[in-house]
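Only one structure is covered here, and it is reproduced in the block below.
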Amino acid sequence: MNLIPRNFLFDDDLEDFFVTKPSKRGEMKCDIYEKDDKYYIELDAPGFDKKDINIEVKDGYLTVRAHKKEVNKDEKKNYIRKERYYGEYSRSFALGDVDIENIDAKFENGILNITVPKKELPENKKYIEIK
């Protein structure tokens, strides 16, 4: 990465085309996997404090919101490049049949780990006699 912007007009666009990297707006990227009787969401939230993150379950969706405030604007700085984004970030995940009362979350080293237990559904099966 160069600290000084390059002069070629499409440098950043070409770099984005050939290299997969996080969005310039700082989206929270995640991995979701299923193991045994739980779903696991591992969500990247670097630069956040635990107090800046809110997790809500409502109307069948789990929503993660994080807010990052810009730290002291120093008008004396002559920025050459400014890539860090400040503001509100949000990700929502549709929930199926899960146990919302036992959802658990842990935040450590910039990674938010959310564990969503599956709800045990009674087997609702009936055999129909053919006449």
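Labels used: A, B, ... for chains in the order of the structure tokens, numbers from 1 for residues in each chain, and numbers from 1 for ligands as shown.
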
Quick one: everything within 12 Å of Gly87 (chain A), counting only C-alpha atoms, minus sequence neighbours fewer than 4 positions away in the same chain. Send it as a count of residues only. 12

Set the distance at 12 Å and use only C-alpha atoms: which residues neighbour Asp59 (chain A) once local chain neighbours fewer than 3 positions away are removed? I'd like the list as a list in words.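 That gives Glu56, Leu62, Thr63, Ser92, Phe93, Ala94, Leu95, Gly96 and Ile100 of chain A.
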
Between A:Ile53, A:Ile130, A:Ile80, A:Ile41, which is the closest to Ile103 (chain A) once you count only C-alpha atoms?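 Looking only at the distances to Ile103 (chain A), the closest residue turns out to be A:Ile41.
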
Can you pull out the residues contacting Leu43 (chain A)? Cut-off 8 Å, using only C-alpha atoms, and skip same-chain residues under 5 positions away; I want them as JSON, numbers by chain. {"A": [28, 29, 30, 31, 111, 112, 113]}

Output C-alpha atoms for every residue in the selection just made, as an mmCIF file, in the first residue's frame.
data_model
loop_
_atom_site.group_PDB
_atom_site.id
_atom_site.type_symbol
_atom_site.label_atom_id
_atom_site.label_comp_id
_atom_site.auth_asym_id
_atom_site.auth_seq_id
_atom_site.Cartn_x
_atom_site.Cartn_y
_atom_site.Cartn_z
ATOM 1 C CA MET A 28 -18.389 -5.946 8.700
ATOM 2 C CA LYS A 29 -17.486 -9.181 6.918
ATOM 3 C CA CYS A 30 -18.629 -12.460 8.410
ATOM 4 C CA ASP A 31 -18.446 -16.226 8.218
ATOM 5 C CA ILE A 111 -14.097 -10.389 16.230
ATOM 6 C CA LEU A 112 -17.701 -10.750 17.332
ATOM 7 C CA ASN A 113 -18.681 -14.409 17.812
#

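The residue that comes closest to Asp49 (chain A), out of A:Asn124, A:Ser90, A:Thr115, A:Asn109 and on the basis of only C-alpha atoms, is A:Asn109.
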
What is the CA of Leu121 (chain A)-CA of Ile55 (chain A) distance in Å, reported with one decimal? 25.0 Å

From a backbone DSSP assignment, name each residue in region 14-124 of chain A labelled alpha helix (DSSP H), as a VMD selection string. chain A and resid 14 to 18
